[in-house]
$ cat entry-v9.txt   # compact mmCIF, C-alpha atoms
# COMPACT_ATOMS: atom_id res chain seq x y z
CA SER A 160 206.32 100.92 266.64
CA THR A 161 207.64 104.22 267.88
CA LEU A 162 209.06 104.71 264.37
CA ASP A 163 205.57 104.78 262.80
CA ARG A 164 204.66 108.23 261.56
CA SER A 165 200.93 107.68 262.13
CA LYS A 166 198.47 104.81 262.58
CA SER A 167 197.87 104.67 258.84
CA ASP A 168 201.44 105.32 257.61
CA LYS A 169 203.14 101.94 258.12
CA PHE A 170 206.41 100.97 256.48
CA VAL A 171 209.43 98.67 256.51
CA THR A 172 212.88 100.18 256.02
CA PHE A 173 215.67 98.38 254.19
CA ARG A 174 218.94 99.83 255.51
CA HIS A 175 222.55 99.79 254.24
CA MET A 176 221.39 99.42 250.66
CA PRO A 177 223.83 99.83 247.75
CA LEU A 178 223.38 102.75 245.37
CA ASN A 179 221.43 100.66 242.84
CA ALA A 180 219.20 97.76 243.79
CA THR A 181 215.87 96.08 243.14
CA VAL A 182 213.80 94.58 245.95
CA LYS A 183 211.09 92.08 245.03
CA ILE A 184 208.70 91.10 247.80
CA TYR A 185 206.91 87.74 247.57
CA THR A 186 204.38 85.78 249.58
CA LEU A 187 205.43 82.36 250.86
CA ASN A 188 203.53 80.89 247.89
CA GLY A 189 205.86 82.74 245.54
CA ASP A 190 203.37 85.38 244.39
CA LEU A 191 204.98 88.75 243.65
CA VAL A 192 203.55 91.40 245.99
CA LYS A 193 205.63 94.48 245.14
CA THR A 194 208.80 95.55 243.33
CA LEU A 195 210.84 98.44 244.73
CA TYR A 196 213.68 100.21 242.94
CA LYS A 197 216.60 102.13 244.39
CA ALA A 198 218.59 104.09 241.84
CA SER A 199 221.56 106.35 242.38
CA SER A 200 221.09 109.93 241.33
CA GLY A 201 224.86 110.44 241.20
CA ASP A 202 224.66 112.43 244.44
CA PRO A 203 227.18 111.03 246.99
CA SER A 204 224.80 111.91 249.82
CA THR A 205 222.13 109.57 248.42
CA SER A 206 220.34 107.72 251.21
CA SER A 207 221.29 104.11 251.87
CA THR A 208 217.70 103.25 252.86
CA LEU A 209 214.64 102.15 250.93
CA GLU A 210 211.10 102.04 252.33
CA TRP A 211 208.22 99.68 251.58
CA ASN A 212 204.84 101.14 252.53
CA LEU A 213 203.38 97.65 253.24
CA GLN A 214 201.14 97.92 250.20
CA ASN A 215 200.91 95.58 247.21
CA MET A 216 201.12 96.55 243.52
CA ASP A 217 197.48 97.75 243.65
CA ASN A 218 198.25 100.03 246.65
CA VAL A 219 196.19 97.84 248.98
CA PRO A 220 197.67 97.18 252.44
CA VAL A 221 199.10 93.68 252.77
CA ALA A 222 197.81 91.19 255.32
CA SER A 223 199.68 90.06 258.39
CA GLY A 224 202.06 87.26 257.51
CA ILE A 225 205.51 86.25 256.40
CA TYR A 226 206.99 87.71 253.23
CA ILE A 227 210.23 87.05 251.37
CA ALA A 228 212.34 89.93 250.05
CA LEU A 229 214.83 89.26 247.26
CA ILE A 230 217.37 92.07 247.08
CA ASP A 231 219.30 92.18 243.80
CA ALA A 232 222.24 94.59 243.52
CA PRO A 233 223.91 94.53 240.09
CA GLY A 234 227.61 93.80 240.35
CA ILE A 235 227.29 92.90 244.03
CA GLY A 236 224.90 89.96 244.26
CA GLN A 237 221.62 88.88 245.78
CA LYS A 238 220.31 88.49 249.30
CA VAL A 239 217.12 86.87 250.57
CA MET A 240 215.41 88.16 253.71
CA LYS A 241 212.26 87.20 255.61
CA ILE A 242 209.85 89.93 256.67
CA ILE A 243 207.13 89.35 259.26
CA VAL A 244 204.24 91.80 259.14
CA PHE A 245 201.78 92.25 262.00
CA THR A 246 198.95 94.63 261.21
CA ALA A 247 195.96 95.74 263.24
CA GLN A 248 192.60 94.57 262.02
CA GLU A 249 191.38 97.14 259.52
CA ARG A 250 188.40 97.52 257.26
CA ILE A 251 188.95 98.71 253.74
CA ASN A 252 185.94 100.32 252.12
CA PHE A 253 185.81 100.11 248.35

$ encode --input "entry-v9.txt" --output "C-alpha cells"
Amino acid sequence: STLDRSKSDKFVTFRHMPLNATVKIYTLNGDLVKTLYKASSGDPSTSSTLEWNLQNMDNVPVASGIYIALIDAPGIGQKVMKIIVFTAQERINF
C-alpha cells in the first residue's frame, strides 16, 4: 500500500474510534491474537485512530489470512469487523 511507511512497517488503522475502546483481534478459530487499548488522555485533540502493527502478542508478524476484530466501547456498544491480511512471504530468523 502507498500508506506503508516501509516494507517492514506494516499496519492496519482503525478509524473513527471513540475516546475509550478495546480491540480484540481473533483468528477464525477463535484464538486471541492481540488486544489493543485506546484510552482518552483528557485532551480534546486526541486522535480518533488506533493502529495494529500486524503482530501477535509475542510481537511475531501474523500470517496472511482472515481475522476478526471485536471493538468494545464502554457506554457505546460493540462492533465486529473482518480484517483480511495479505503479507509477502518472509523468513523470520530466531

$ residues_around --input "entry-v9.txt" --residues "Met240 (chain A)" --least-positions-apart "3" --cutoff "8 Å" --atoms "only C-alpha atoms" --output "list in words"
Ile227, Ala228, Leu229 and Ile230 of chain A

$ closest_residue --input "entry-v9.txt" --among "A:Thr186, A:Thr172, A:Thr194, A:Gln237" --to "Ala222 (chain A)" --atoms "all atoms listed in the file"
A:Thr186

$ residues_around --input "entry-v9.txt" --residues "Asn215 (chain A)" --least-positions-apart "3" --cutoff "10 Å" --atoms "all atoms listed in the file" --output "list in words"
Ile184, Tyr185, Leu191, Val192, Lys193, Thr194, Trp211, Asn212, Asn218, Val219, Pro220, Val221 and Ala222 of chain A

$ closest_residue --input "entry-v9.txt" --among "A:Ala247, A:Leu209, A:Leu195, A:Ile242" --to "Pro177 (chain A)" --atoms "only C-alpha atoms"
A:Leu209

$ atom_distance --input "entry-v9.txt" --atom1 "CA of Lys169 (chain A)" --atom2 "CA of Met216 (chain A)"
15.7 Å

$ atom_distance --input "entry-v9.txt" --atom1 "CA of Gly234 (chain A)" --atom2 "CA of Leu178 (chain A)"
11.1 Å

$ closest_residue --input "entry-v9.txt" --among "A:Lys238, A:Asn188, A:Ser223, A:Thr246" --to "Asp168 (chain A)" --atoms "only C-alpha atoms"
A:Thr246

$ closest_residue --input "entry-v9.txt" --among "A:His175, A:Gly224, A:Phe170, A:Asp231" --to "Tyr196 (chain A)" --atoms "only C-alpha atoms"
A:Asp231

$ atom_distance --input "entry-v9.txt" --atom1 "CA of Ser206 (chain A)" --atom2 "CA of Val239 (chain A)"
21.1 Å

$ closest_residue --input "entry-v9.txt" --among "A:Thr208, A:Ile225, A:Leu187, A:Lys197" --to "Arg174 (chain A)" --atoms "all atoms listed in the file"
A:Thr208

$ decode --input "entry-v9.txt" --residues "region 199-233 of chain A" --atoms "N, CA and C atoms" --output "short mmCIF file (atom, residue, chain, number, x, y, z; two decimals), in the first residue's frame"
data_model
loop_
_atom_site.label_atom_id
_atom_site.label_comp_id
_atom_site.auth_asym_id
_atom_site.auth_seq_id
_atom_site.Cartn_x
_atom_site.Cartn_y
_atom_site.Cartn_z
N SER A 199 -8.52 7.63 26.47
CA SER A 199 -8.50 9.09 26.38
C SER A 199 -7.54 9.65 27.40
N SER A 200 -6.78 10.63 26.97
CA SER A 200 -5.87 11.30 27.90
C SER A 200 -6.50 12.57 28.46
N GLY A 201 -7.78 12.81 28.10
CA GLY A 201 -8.45 14.02 28.53
C GLY A 201 -8.21 15.18 27.57
N ASP A 202 -7.32 14.98 26.62
CA ASP A 202 -7.00 16.02 25.62
C ASP A 202 -8.05 15.96 24.51
N PRO A 203 -8.77 17.04 24.23
CA PRO A 203 -9.81 17.02 23.19
C PRO A 203 -9.26 16.78 21.79
N SER A 204 -7.97 16.97 21.59
CA SER A 204 -7.39 16.73 20.27
C SER A 204 -6.89 15.30 20.11
N THR A 205 -7.25 14.41 21.06
CA THR A 205 -6.83 13.02 21.00
C THR A 205 -7.26 12.40 19.67
N SER A 206 -6.36 11.65 19.08
CA SER A 206 -6.61 11.02 17.78
C SER A 206 -7.78 10.05 17.85
N SER A 207 -8.52 9.96 16.76
CA SER A 207 -9.64 9.01 16.68
C SER A 207 -9.22 7.75 15.95
N THR A 208 -7.90 7.51 15.85
CA THR A 208 -7.41 6.31 15.18
C THR A 208 -6.63 5.43 16.15
N LEU A 209 -6.53 4.16 15.79
CA LEU A 209 -5.77 3.18 16.56
C LEU A 209 -5.11 2.27 15.54
N GLU A 210 -3.82 1.99 15.71
CA GLU A 210 -3.10 1.15 14.76
C GLU A 210 -2.76 -0.21 15.36
N TRP A 211 -2.86 -1.24 14.50
CA TRP A 211 -2.39 -2.59 14.82
C TRP A 211 -1.19 -2.84 13.92
N ASN A 212 -0.08 -3.23 14.47
CA ASN A 212 1.16 -3.42 13.72
C ASN A 212 1.25 -4.80 13.05
N LEU A 213 0.14 -5.51 12.96
CA LEU A 213 0.07 -6.84 12.33
C LEU A 213 0.98 -7.85 13.01
N GLN A 214 1.16 -7.67 14.33
CA GLN A 214 1.94 -8.61 15.11
C GLN A 214 1.04 -9.20 16.20
N ASN A 215 1.37 -10.44 16.61
CA ASN A 215 0.60 -11.08 17.67
C ASN A 215 1.11 -10.65 19.03
N MET A 216 0.64 -11.30 20.09
CA MET A 216 1.02 -10.92 21.46
C MET A 216 2.51 -11.13 21.73
N ASP A 217 3.16 -12.01 20.94
CA ASP A 217 4.59 -12.27 21.10
C ASP A 217 5.43 -11.41 20.15
N ASN A 218 4.81 -10.41 19.53
CA ASN A 218 5.47 -9.50 18.59
C ASN A 218 6.03 -10.21 17.36
N VAL A 219 5.35 -11.28 16.95
CA VAL A 219 5.69 -12.01 15.73
C VAL A 219 4.67 -11.61 14.67
N PRO A 220 5.11 -11.29 13.45
CA PRO A 220 4.16 -10.92 12.40
C PRO A 220 3.13 -12.02 12.15
N VAL A 221 1.88 -11.63 11.96
CA VAL A 221 0.82 -12.61 11.71
C VAL A 221 0.89 -13.10 10.27
N ALA A 222 0.30 -14.24 10.03
CA ALA A 222 0.26 -14.83 8.69
C ALA A 222 -0.86 -14.19 7.88
N SER A 223 -0.77 -14.35 6.57
CA SER A 223 -1.87 -13.92 5.72
C SER A 223 -3.12 -14.70 6.13
N GLY A 224 -4.26 -14.04 6.07
CA GLY A 224 -5.49 -14.71 6.43
C GLY A 224 -6.58 -13.74 6.82
N ILE A 225 -7.66 -14.31 7.33
CA ILE A 225 -8.81 -13.52 7.76
C ILE A 225 -8.82 -13.48 9.28
N TYR A 226 -9.01 -12.30 9.81
CA TYR A 226 -9.05 -12.09 11.25
C TYR A 226 -10.35 -11.38 11.61
N ILE A 227 -10.77 -11.56 12.84
CA ILE A 227 -11.98 -10.92 13.35
C ILE A 227 -11.56 -9.91 14.42
N ALA A 228 -12.06 -8.68 14.31
CA ALA A 228 -11.79 -7.65 15.32
C ALA A 228 -13.08 -7.36 16.06
N LEU A 229 -13.03 -7.48 17.38
CA LEU A 229 -14.16 -7.13 18.24
C LEU A 229 -13.81 -5.81 18.92
N ILE A 230 -14.55 -4.77 18.57
CA ILE A 230 -14.32 -3.45 19.13
C ILE A 230 -15.36 -3.23 20.22
N ASP A 231 -14.89 -2.97 21.44
CA ASP A 231 -15.77 -2.77 22.58
C ASP A 231 -15.54 -1.37 23.13
N ALA A 232 -16.57 -0.54 23.06
CA ALA A 232 -16.51 0.83 23.56
C ALA A 232 -17.48 0.96 24.72
N PRO A 233 -16.98 1.10 25.95
CA PRO A 233 -17.86 1.20 27.11
C PRO A 233 -18.87 2.34 26.96
#
